[in-house]
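Trainee: Dropping in model-v1.tsv, with TSV, C-alpha atoms.
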```tsv
chain	number	residue	atom	x	y	z
A	9	MET	CA	-56.20	-42.79	-72.69
A	10	TYR	CA	-54.65	-44.42	-69.64
A	11	ALA	CA	-53.02	-41.23	-68.46
A	12	ALA	CA	-56.12	-39.19	-69.19
A	13	VAL	CA	-58.32	-41.61	-67.29
A	14	LYS	CA	-55.94	-41.68	-64.35
A	15	LYS	CA	-55.87	-37.89	-64.30
A	16	ALA	CA	-59.66	-37.73	-64.38
A	17	GLN	CA	-59.90	-40.30	-61.59
A	18	ALA	CA	-57.44	-38.34	-59.49
A	19	ALA	CA	-59.61	-35.29	-59.96
A	20	GLY	CA	-62.62	-37.27	-58.85
A	21	SER	CA	-64.40	-36.89	-62.16
A	22	ALA	CA	-63.64	-40.02	-64.10
A	23	GLN	CA	-65.65	-39.69	-67.28
A	24	LEU	CA	-64.23	-41.86	-70.00
A	25	GLN	CA	-65.88	-39.95	-72.80
A	26	ASP	CA	-64.23	-36.72	-71.60
A	27	SER	CA	-60.89	-38.46	-71.58
A	28	LEU	CA	-61.34	-39.63	-75.15
A	29	THR	CA	-62.44	-36.32	-76.58
A	30	ALA	CA	-59.69	-34.48	-74.67
A	31	LEU	CA	-57.07	-36.45	-76.56
A	32	ASN	CA	-57.62	-34.33	-79.66
A	33	TYR	CA	-56.99	-37.38	-81.83
A	34	LYS	CA	-56.02	-36.53	-85.41
A	35	GLY	CA	-55.54	-39.97	-86.97
A	36	PRO	CA	-57.03	-40.97	-90.31
A	37	GLY	CA	-59.29	-43.68	-88.93
A	38	PRO	CA	-62.08	-43.69	-86.38
A	39	MET	CA	-61.08	-42.90	-82.81
A	40	ALA	CA	-63.67	-45.15	-81.20
A	41	ALA	CA	-66.78	-47.20	-81.95
A	42	VAL	CA	-69.61	-49.01	-80.29
A	43	ASN	CA	-71.09	-52.16	-81.75
A	44	LEU	CA	-74.65	-53.00	-80.74
A	45	LYS	CA	-75.80	-56.62	-81.08
A	46	PHE	CA	-79.54	-56.88	-80.59
A	47	VAL	CA	-80.97	-59.81	-78.68
A	48	ARG	CA	-84.59	-58.81	-79.36
A	49	GLY	CA	-86.39	-56.89	-82.08
A	50	VAL	CA	-86.61	-53.09	-81.66
A	51	GLY	CA	-88.35	-50.70	-84.06
A	52	GLN	CA	-86.56	-47.94	-85.97
A	53	ASP	CA	-88.40	-45.12	-84.18
A	54	ALA	CA	-87.90	-46.64	-80.74
A	55	ILE	CA	-84.16	-46.75	-81.32
A	56	VAL	CA	-83.69	-43.14	-82.43
A	57	GLU	CA	-86.22	-41.67	-79.98
A	58	ALA	CA	-84.39	-43.41	-77.14
A	59	PHE	CA	-81.67	-40.76	-77.50
A	60	ASN	CA	-84.01	-37.81	-76.86
A	61	ASP	CA	-83.20	-37.45	-73.19
A	62	ALA	CA	-79.46	-37.65	-73.80
A	63	PHE	CA	-79.62	-34.93	-76.47
A	64	LYS	CA	-81.75	-32.47	-74.49
A	65	GLY	CA	-80.69	-28.85	-75.05
A	66	LEU	CA	-78.61	-29.55	-78.16
A	67	ASP	CA	-79.08	-28.03	-81.60
A	68	ALA	CA	-82.29	-29.38	-83.19
A	69	ASP	CA	-80.81	-29.59	-86.71
A	70	ALA	CA	-77.83	-31.56	-85.46
A	71	ILE	CA	-80.09	-33.98	-83.57
A	72	ASN	CA	-82.22	-34.38	-86.68
A	73	ALA	CA	-79.14	-35.06	-88.85
A	74	PHE	CA	-78.10	-37.77	-86.40
A	75	LYS	CA	-81.57	-39.31	-86.38
A	76	VAL	CA	-81.83	-39.31	-90.17
A	77	ALA	CA	-78.44	-41.00	-90.56
A	78	THR	CA	-79.25	-43.58	-87.89
A	79	LYS	CA	-82.70	-44.31	-89.32
A	80	ASN	CA	-81.29	-44.71	-92.82
A	81	ALA	CA	-78.60	-47.07	-91.60
A	82	ILE	CA	-81.00	-49.16	-89.52
A	83	GLY	CA	-83.70	-49.30	-92.17
A	84	GLU	CA	-87.48	-49.20	-91.90
A	85	LYS	CA	-87.71	-52.65	-90.32
A	86	GLY	CA	-85.61	-51.62	-87.35
A	87	MET	CA	-83.31	-54.11	-85.65
A	88	GLN	CA	-84.17	-57.79	-85.47
A	89	ASN	CA	-82.85	-60.33	-82.99
A	90	GLY	CA	-79.28	-61.18	-84.06
A	91	GLU	CA	-78.69	-58.03	-86.10
A	92	GLU	CA	-76.06	-55.44	-85.25
A	93	PHE	CA	-74.99	-51.93	-86.13
A	94	SER	CA	-72.17	-49.61	-85.10
A	95	PHE	CA	-71.41	-45.97	-84.41
A	96	PHE	CA	-67.92	-44.75	-85.36
A	97	TRP	CA	-66.47	-41.51	-83.96
A	98	TYR	CA	-64.03	-39.73	-86.25
A	99	ALA	CA	-61.86	-36.78	-85.33
A	100	ASP	CA	-61.98	-35.10	-88.74
A	101	GLU	CA	-64.75	-33.71	-90.94
A	102	ARG	CA	-66.30	-37.14	-91.35
A	103	GLY	CA	-67.81	-36.70	-87.92
A	104	LEU	CA	-69.99	-39.63	-86.97
A	105	VAL	CA	-70.56	-42.76	-89.08
A	106	VAL	CA	-73.42	-45.21	-88.62
A	107	LEU	CA	-72.93	-48.62	-90.18
A	108	LYS	CA	-75.24	-51.60	-90.49
A	109	GLY	CA	-73.93	-54.28	-92.80
A	110	GLY	CA	-73.09	-52.49	-96.04
A	111	SER	CA	-75.34	-49.54	-95.25
A	112	LEU	CA	-73.07	-46.65	-94.27
A	113	HIS	CA	-74.39	-43.22	-93.34
A	114	SER	CA	-72.37	-40.33	-92.01
A	115	VAL	CA	-73.13	-37.08	-90.25
A	116	ALA	CA	-70.75	-34.33	-91.40
A	117	SER	CA	-68.83	-32.74	-88.59
A	118	SER	CA	-69.69	-29.33	-87.18
A	119	PRO	CA	-69.56	-27.83	-83.69
A	120	ALA	CA	-73.23	-28.75	-83.21
A	121	ILE	CA	-72.65	-32.31	-84.37
A	122	LYS	CA	-69.60	-32.59	-82.12
A	123	ALA	CA	-71.86	-31.86	-79.17
A	124	VAL	CA	-74.19	-34.65	-80.30
A	125	GLU	CA	-71.20	-36.98	-80.73
A	126	GLN	CA	-70.01	-36.18	-77.22
A	127	ARG	CA	-73.43	-36.87	-75.70
A	128	LEU	CA	-73.71	-40.07	-77.74
A	129	LEU	CA	-70.41	-41.27	-76.33
A	130	GLY	CA	-71.76	-40.47	-72.89
A	131	VAL	CA	-74.83	-42.62	-73.56
A	132	TYR	CA	-72.47	-45.58	-73.37
A	133	LEU	CA	-69.54	-44.40	-71.24
A	134	ASP	CA	-70.85	-41.86	-68.75
A	135	GLY	CA	-70.36	-43.34	-65.31
A	136	LYS	CA	-73.64	-41.92	-64.02
A	137	THR	CA	-76.01	-42.16	-66.98
A	138	SER	CA	-74.70	-44.96	-69.20
A	139	VAL	CA	-77.34	-47.28	-70.63
A	140	SER	CA	-75.02	-50.09	-69.60
A	141	PRO	CA	-73.18	-49.63	-66.29
A	142	GLU	CA	-71.77	-53.07	-66.98
A	143	LEU	CA	-69.96	-51.62	-70.03
A	144	VAL	CA	-68.47	-48.72	-68.05
A	145	LYS	CA	-67.25	-51.16	-65.41
A	146	SER	CA	-65.75	-53.42	-68.05
A	147	VAL	CA	-63.90	-50.59	-69.83
A	148	ASN	CA	-62.65	-49.14	-66.55
A	149	GLU	CA	-61.35	-52.49	-65.41
A	150	ASN	CA	-59.58	-53.14	-68.68
A	151	VAL	CA	-58.00	-49.73	-68.83
A	152	GLN	CA	-56.88	-49.83	-65.24
A	153	SER	CA	-55.49	-53.33	-65.40
A	154	VAL	CA	-52.96	-52.47	-68.12
B	21	MET	CA	-57.96	-63.90	-75.34
B	22	SER	CA	-58.01	-60.67	-77.35
B	23	THR	CA	-55.20	-59.52	-79.55
B	24	GLY	CA	-54.00	-55.94	-79.35
B	25	VAL	CA	-53.80	-53.39	-76.58
B	26	PHE	CA	-55.97	-55.30	-74.19
B	27	ALA	CA	-54.41	-58.65	-75.05
B	28	PHE	CA	-53.48	-59.34	-71.46
B	29	CYS	CA	-56.81	-58.43	-69.97
B	30	GLU	CA	-58.89	-61.52	-69.50
B	31	PHE	CA	-62.53	-60.63	-69.82
B	32	ASP	CA	-65.66	-62.19	-71.17
B	33	GLU	CA	-66.00	-60.77	-74.67
B	34	LYS	CA	-69.67	-61.82	-74.82
B	35	GLY	CA	-69.34	-62.95	-78.40
B	36	PHE	CA	-67.73	-59.74	-79.70
B	37	GLN	CA	-64.79	-59.93	-82.04
B	38	PRO	CA	-61.54	-58.69	-80.46
B	39	THR	CA	-61.17	-56.19	-83.30
B	40	LEU	CA	-63.59	-54.16	-85.40
B	41	ALA	CA	-62.72	-53.08	-88.94
B	42	ALA	CA	-63.01	-49.39	-89.74
B	43	PRO	CA	-65.76	-48.61	-92.26
B	44	ASP	CA	-63.26	-47.82	-95.03
B	45	ASN	CA	-61.13	-50.87	-94.18
B	46	LYS	CA	-58.01	-48.78	-94.86
B	47	THR	CA	-56.96	-47.97	-91.32
B	48	LYS	CA	-56.05	-50.14	-88.36
B	49	PRO	CA	-58.92	-52.09	-86.84
B	50	LEU	CA	-60.18	-50.87	-83.50
B	51	VAL	CA	-59.61	-53.07	-80.45
B	52	LEU	CA	-62.22	-54.24	-77.97
B	53	ALA	CA	-61.96	-52.33	-74.70
B	54	GLY	CA	-65.10	-53.44	-72.90
B	55	VAL	CA	-68.46	-55.14	-73.19
B	56	GLY	CA	-71.83	-54.84	-71.53
B	57	MET	CA	-75.55	-55.42	-71.86
B	58	ARG	CA	-78.30	-52.87	-72.33
B	59	ARG	CA	-81.25	-53.91	-70.18
B	60	LYS	CA	-84.61	-52.28	-69.94
B	61	ASN	CA	-87.56	-52.59	-67.61
B	62	LEU	CA	-90.54	-54.02	-69.41
B	63	TYR	CA	-93.58	-53.98	-67.18
B	64	VAL	CA	-92.50	-55.91	-64.09
B	65	MET	CA	-89.37	-57.54	-65.44
B	66	GLU	CA	-86.00	-56.49	-66.77
B	67	VAL	CA	-85.18	-57.72	-70.27
B	68	ASP	CA	-82.00	-57.77	-72.33
B	69	VAL	CA	-82.18	-55.48	-75.37
B	70	TYR	CA	-78.71	-55.49	-76.90
B	71	LYS	CA	-75.12	-56.33	-76.14
B	72	VAL	CA	-72.74	-53.42	-76.51
B	73	GLY	CA	-69.04	-53.60	-77.29
B	74	PHE	CA	-66.79	-50.55	-77.04
B	75	TYR	CA	-63.77	-50.34	-79.35
B	76	VAL	CA	-60.88	-47.87	-79.47
B	77	GLU	CA	-58.15	-47.07	-81.97
B	78	PRO	CA	-55.01	-48.84	-80.69
B	79	SER	CA	-52.75	-45.78	-80.66
B	80	VAL	CA	-55.39	-43.74	-78.87
B	81	ALA	CA	-55.75	-46.34	-76.19
B	82	LEU	CA	-52.41	-46.63	-74.55
B	83	PRO	CA	-49.46	-45.00	-76.28
B	84	GLY	CA	-46.29	-46.55	-74.91
B	85	LYS	CA	-48.11	-48.77	-72.47
B	86	LEU	CA	-48.51	-51.78	-74.74
B	87	ILE	CA	-44.76	-52.19	-75.14
B	88	GLN	CA	-44.30	-51.87	-71.41
B	89	VAL	CA	-46.91	-54.49	-70.62
B	90	SER	CA	-45.77	-56.73	-73.45
B	91	SER	CA	-42.20	-56.79	-72.24
B	92	MET	CA	-43.32	-57.35	-68.67
B	93	MET	CA	-45.53	-60.26	-69.73
B	94	GLN	CA	-42.81	-61.62	-71.98
B	95	SER	CA	-40.41	-61.63	-69.04
B	96	PHE	CA	-43.02	-63.39	-66.96
B	97	ILE	CA	-43.66	-65.99	-69.69
B	98	SER	CA	-39.92	-66.57	-70.06
B	99	PHE	CA	-39.64	-66.99	-66.31
B	100	LEU	CA	-42.42	-69.60	-66.33
B	101	GLN	CA	-40.78	-71.48	-69.19
B	102	ILE	CA	-37.46	-71.62	-67.37
B	103	SER	CA	-38.94	-72.60	-64.01
```
Can the structure from this file be put into structure tokens for me?
Mentor:
Amino acid sequence: MYAAVKKAQAAGSAQLQDSLTALNYKGPGPMAAVNLKFVRGVGQDAIVEAFNDAFKGLDADAINAFKVATKNAIGEKGMQNGEEFSFFWYADERGLVVLKGGSLHSVASSPAIKAVEQRLLGVYLDGKTSVSPELVKSVNENVQSV
Amino acid sequence: MSTGVFAFCEFDEKGFQPTLAAPDNKTKPLVLAGVGMRRKNLYVMEVDVYKVGFYVEPSVALPGKLIQVSSMMQSFISFLQIS
């Protein structure tokens, strides 16, 4: 990742999510994950609908598959203060995995799902549109300092 | 301090574990690469919604670099112990 990030920075287009997906990782485990720890209650619908803007223009069935998996993992009560869930990005046919406690739901890989996965990664790591610029800064600093 | 690829990067982990187990628990745990907060404007004030931790598979992160940094840090630690 270091070399890929450096290369992207040199080209003036440092996008961490592009660097990660460009690696063409083939390992058996997940390539990356985000863990979300909620500090206030948020409803199930509010969480999945929050991705609408990020997924604009993508395949509707793929978006729906992502939403169904995420809703099932989160549960009808949504996220309460202190609860957490994670997204795992796989390189193989497992595609994307959503995990909350013991509730695991996956979205089988396909070209359409890969596009959703890429946008989802951008939700967190895109330098311009991340929901947490603080996260992008933190990752960049840690990568660069090694 | 974290263990793993980013072991020598001092940063506030904001309560995240330095590693995250893969869902099947059969592969290497992912290592914490960065943390942040998702904030949202609610009426006239900004509120915290969730903390977010980003993890990567160790071999994806920095192939070859860990050894390099480890040996450099080890040399530095040895130097401090001798001095």
Trainee: Please report as an mmCIF file with C-alpha atoms, in the frame of the given file which residues of chain A come no farther than 6 Å from chain B, using all atoms listed in the file.
Mentor:
```cif
data_model
loop_
_atom_site.group_PDB
_atom_site.id
_atom_site.type_symbol
_atom_site.label_atom_id
_atom_site.label_comp_id
_atom_site.auth_asym_id
_atom_site.auth_seq_id
_atom_site.Cartn_x
_atom_site.Cartn_y
_atom_site.Cartn_z
ATOM 1 C CA MET A 9 -56.200 -42.790 -72.690
ATOM 2 C CA TYR A 10 -54.650 -44.420 -69.640
ATOM 3 C CA GLY A 37 -59.290 -43.680 -88.930
ATOM 4 C CA MET A 39 -61.080 -42.900 -82.810
ATOM 5 C CA ALA A 40 -63.670 -45.150 -81.200
ATOM 6 C CA ALA A 41 -66.780 -47.200 -81.950
ATOM 7 C CA VAL A 42 -69.610 -49.010 -80.290
ATOM 8 C CA ASN A 43 -71.090 -52.160 -81.750
ATOM 9 C CA LEU A 44 -74.650 -53.000 -80.740
ATOM 10 C CA LYS A 45 -75.800 -56.620 -81.080
ATOM 11 C CA PHE A 46 -79.540 -56.880 -80.590
ATOM 12 C CA VAL A 47 -80.970 -59.810 -78.680
ATOM 13 C CA ARG A 48 -84.590 -58.810 -79.360
ATOM 14 C CA VAL A 139 -77.340 -47.280 -70.630
ATOM 15 C CA SER A 140 -75.020 -50.090 -69.600
ATOM 16 C CA GLU A 142 -71.770 -53.070 -66.980
ATOM 17 C CA LEU A 143 -69.960 -51.620 -70.030
ATOM 18 C CA SER A 146 -65.750 -53.420 -68.050
ATOM 19 C CA VAL A 147 -63.900 -50.590 -69.830
#
```
Trainee: Could you jot down the CA of Glu125 (chain A) to CA of Ile82 (chain A) separation for me, Å, one decimal place?
Mentor: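 Atom-to-atom, CA of Glu125 (chain A) and CA of Ile82 (chain A) are spaced 17.9 Å apart.
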Trainee: At what distance in Å, to one decimal, does CA of Val56 (chain A) lie from CA of Lys79 (chain A)?
Mentor: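 Interatomic distance, CA of Lys79 (chain A) to CA of Val56 (chain A): 7.1 Å.
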Trainee: What does the structure give for the distance between CA of Ala120 (chain A) and CA of Gly83 (chain A), in Å to one decimal?
Mentor: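 Between these atoms lies a distance of 24.7 Å.
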Trainee: Report the centre and edge lengths, in Å to one decimal, of an axis-aligned box enclosing every atom of region 30-44 of chain B listed in the file, padded by 3 Å on each side, as JSON.
Mentor:
```
{"center_x": -64.3, "center_y": -55.4, "center_z": -82.3, "size_x": 16.8, "size_y": 21.1, "size_z": 31.5}
```
